[in-house]
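S.K.: Okay, handing you the structure first.
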Amino acid sequence: MRLVLFSSAFCEPCTQTRAVLSEVAKLVPAATIVELDVAREEERALRAGIRMTPTIIVVGGNDVEVFRAEGVPTINQVLVALAKAV
């Protein structure tokens, strides 16, 4: 399972989301977390339909999106999304 965080450099909610994902990484070490800056990865962000930062996409083992959240998620929201990805 993989979490993809689309972020931007001057985004305060992105900083809060990184903190949430840091806690999630401690609880679920099998989860891979990838962060993509929308300015550097503009084409990927467009293909993924990113409208705002932060946006988290949880991808299951077969590369299928199982969850998407815009804004700062809670730890519980991310954990439930990861459970769907298993």
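Letters A, B, ... mark the chains of the structure tokens in the order given; residue numbers begin at 1 per chain; ligand numbers begin at 1, in order shown.
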Write out as a list of chain:residue names which residues come within 10 Å of Ala39 (chain A) when counting only C-alpha atoms, dropping same-chain ones fewer than 3 positions away.
M.R.: A:Phe6, A:Ser7, A:Ser8, A:Ala9, A:Leu36, A:Glu42, A:Glu43, A:Ala45
S.K.: Select from chain A everything DSSP, run on the backbone, classes as alpha helix (DSSP H), then give the selection as JSON, numbers by chain.
M.R.: {"A": [12, 13, 14, 15, 16, 17, 18, 19, 20, 21, 22, 23, 24, 25, 26, 27, 42, 43, 44, 45, 46, 47, 75, 76, 77, 78, 79, 80, 81, 82, 83, 84, 85]}
S.K.: So which one's closest to Glu35 (chain A), A:Met1, A:Ile56, A:Val80, A:Ile75? Using only C-alpha atoms, please.
M.R.: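 Smallest distance to Glu35 (chain A) is found for A:Ile56.
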S.K.: Restricting the calculation to only C-alpha atoms: of A:Val38, A:Met52, A:Val72, A:Ala85, which residue gets closest to Arg2 (chain A)?
M.R.: A:Ala85
S.K.: Between CA of Gly60 (chain A) and CA of Val34 (chain A), what distance in Å does the model show, to one decimal?
M.R.: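 Separating CA of Gly60 (chain A) from CA of Val34 (chain A) is a distance of 13.7 Å.
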S.K.: Residues within 12 Å of Gln16 (chain A), please, as an MDAnalysis selection string. Count only C-alpha atoms; anything in the same chain fewer than 5 positions from it doesn't count.
M.R.: chainID A and resid 5 7 10:11 21:23 53:55 71:75
S.K.: Among chain A, which ones does DSSP assign to strand (DSSP E) (computed from the backbone)? Answer as a list in words.
M.R.: Arg2, Leu3, Val4, Leu5, Phe6, Ser7, Thr32, Ile33, Val34, Glu35, Leu36, Asp37, Thr55, Ile56, Ile57, Val58, Val59, Glu65, Val66, Phe67, Arg68, Ala69 and Glu70 of chain A
S.K.: Using the selection just defined, write its residues with N, CA and C atoms as an mmCIF file, in the first residue's frame.
M.R.:
```cif
data_model
loop_
_atom_site.group_PDB
_atom_site.id
_atom_site.type_symbol
_atom_site.label_atom_id
_atom_site.label_comp_id
_atom_site.auth_asym_id
_atom_site.auth_seq_id
_atom_site.Cartn_x
_atom_site.Cartn_y
_atom_site.Cartn_z
ATOM 1 N N ARG A 2 0.356 2.250 -0.681
ATOM 2 C CA ARG A 2 1.153 3.462 -0.865
ATOM 3 C C ARG A 2 0.272 4.688 -0.623
ATOM 4 N N LEU A 3 0.824 5.647 0.072
ATOM 5 C CA LEU A 3 0.170 6.943 0.278
ATOM 6 C C LEU A 3 0.930 7.959 -0.543
ATOM 7 N N VAL A 4 0.219 8.697 -1.363
ATOM 8 C CA VAL A 4 0.841 9.742 -2.166
ATOM 9 C C VAL A 4 0.304 11.078 -1.664
ATOM 10 N N LEU A 5 1.207 11.921 -1.212
ATOM 11 C CA LEU A 5 0.854 13.255 -0.743
ATOM 12 C C LEU A 5 1.252 14.259 -1.807
ATOM 13 N N PHE A 6 0.261 14.957 -2.355
ATOM 14 C CA PHE A 6 0.530 16.059 -3.261
ATOM 15 C C PHE A 6 0.548 17.315 -2.406
ATOM 16 N N SER A 7 1.665 18.030 -2.434
ATOM 17 C CA SER A 7 1.857 19.184 -1.551
ATOM 18 C C SER A 7 2.433 20.352 -2.341
ATOM 19 N N THR A 32 4.070 2.768 2.375
ATOM 20 C CA THR A 32 5.057 3.603 1.703
ATOM 21 C C THR A 32 4.445 4.982 1.503
ATOM 22 N N ILE A 33 5.163 6.016 1.912
ATOM 23 C CA ILE A 33 4.669 7.381 1.767
ATOM 24 C C ILE A 33 5.554 8.119 0.775
ATOM 25 N N VAL A 34 4.906 8.676 -0.243
ATOM 26 C CA VAL A 34 5.600 9.411 -1.289
ATOM 27 C C VAL A 34 5.020 10.820 -1.314
ATOM 28 N N GLU A 35 5.889 11.821 -1.326
ATOM 29 C CA GLU A 35 5.415 13.197 -1.409
ATOM 30 C C GLU A 35 5.824 13.788 -2.747
ATOM 31 N N LEU A 36 4.861 14.407 -3.420
ATOM 32 C CA LEU A 36 5.114 15.044 -4.708
ATOM 33 C C LEU A 36 4.720 16.512 -4.614
ATOM 34 N N ASP A 37 5.640 17.387 -4.964
ATOM 35 C CA ASP A 37 5.377 18.818 -4.990
ATOM 36 C C ASP A 37 4.667 19.138 -6.306
ATOM 37 N N THR A 55 -3.377 17.056 -0.866
ATOM 38 C CA THR A 55 -4.262 15.971 -1.260
ATOM 39 C C THR A 55 -3.510 14.671 -1.040
ATOM 40 N N ILE A 56 -4.187 13.725 -0.385
ATOM 41 C CA ILE A 56 -3.599 12.400 -0.160
ATOM 42 C C ILE A 56 -4.377 11.396 -0.990
ATOM 43 N N ILE A 57 -3.650 10.533 -1.661
ATOM 44 C CA ILE A 57 -4.257 9.425 -2.389
ATOM 45 C C ILE A 57 -3.666 8.139 -1.825
ATOM 46 N N VAL A 58 -4.539 7.211 -1.446
ATOM 47 C CA VAL A 58 -4.096 5.898 -0.974
ATOM 48 C C VAL A 58 -4.294 4.924 -2.123
ATOM 49 N N VAL A 59 -3.220 4.222 -2.472
ATOM 50 C CA VAL A 59 -3.219 3.295 -3.593
ATOM 51 C C VAL A 59 -3.001 1.885 -3.058
ATOM 52 N N GLU A 65 -6.664 3.360 -6.874
ATOM 53 C CA GLU A 65 -6.935 4.351 -5.834
ATOM 54 C C GLU A 65 -8.099 3.860 -4.973
ATOM 55 N N VAL A 66 -7.870 3.813 -3.651
ATOM 56 C CA VAL A 66 -8.925 3.366 -2.743
ATOM 57 C C VAL A 66 -9.435 4.494 -1.848
ATOM 58 N N PHE A 67 -8.717 5.605 -1.815
ATOM 59 C CA PHE A 67 -9.113 6.705 -0.949
ATOM 60 C C PHE A 67 -8.426 7.970 -1.421
ATOM 61 N N ARG A 68 -9.153 9.086 -1.301
ATOM 62 C CA ARG A 68 -8.586 10.394 -1.629
ATOM 63 C C ARG A 68 -9.135 11.393 -0.621
ATOM 64 N N ALA A 69 -8.260 12.248 -0.124
ATOM 65 C CA ALA A 69 -8.691 13.282 0.815
ATOM 66 C C ALA A 69 -7.988 14.582 0.473
ATOM 67 N N GLU A 70 -8.776 15.648 0.423
ATOM 68 C CA GLU A 70 -8.220 16.988 0.253
ATOM 69 C C GLU A 70 -8.230 17.658 1.612
#
```
S.K.: If we count only C-alpha atoms, what is near Val24 (chain A) at a cut-off of 9 Å, once residues fewer than 3 positions away on the same chain are taken out, given as a compact mmCIF listing (two decimals) with N, CA and C atoms, in the first residue's frame?
M.R.:
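What ended up in out.txt:
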```txt
# COMPACT_ATOMS: atom_id res chain seq x y z
N ALA A 19 2.86 15.84 9.37
CA ALA A 19 2.90 15.37 10.76
C ALA A 19 1.96 14.19 10.96
N VAL A 20 0.76 14.26 10.37
CA VAL A 20 -0.19 13.14 10.45
C VAL A 20 0.42 11.90 9.81
N LEU A 21 0.99 12.06 8.63
CA LEU A 21 1.57 10.91 7.93
C LEU A 21 2.78 10.35 8.66
N LEU A 27 2.82 3.83 12.99
CA LEU A 27 1.82 2.81 13.30
C LEU A 27 1.73 1.73 12.23
N VAL A 28 2.03 2.08 10.98
CA VAL A 28 1.92 1.14 9.86
C VAL A 28 3.21 1.20 9.05
N PRO A 29 4.26 0.53 9.53
CA PRO A 29 5.55 0.60 8.83
C PRO A 29 5.52 0.03 7.41
N ALA A 31 3.42 0.74 5.14
CA ALA A 31 2.92 1.76 4.22
C ALA A 31 4.09 2.57 3.66
N ILE A 75 -5.51 11.11 11.68
CA ILE A 75 -4.80 9.82 11.70
C ILE A 75 -5.79 8.69 11.46
N ASN A 76 -6.95 8.77 12.11
CA ASN A 76 -7.95 7.70 11.95
C ASN A 76 -8.44 7.58 10.51
N VAL A 78 -6.76 8.22 7.81
CA VAL A 78 -5.70 7.59 7.01
C VAL A 78 -5.60 6.10 7.34
N LEU A 79 -5.73 5.75 8.61
CA LEU A 79 -5.67 4.33 9.00
C LEU A 79 -6.81 3.54 8.38
```
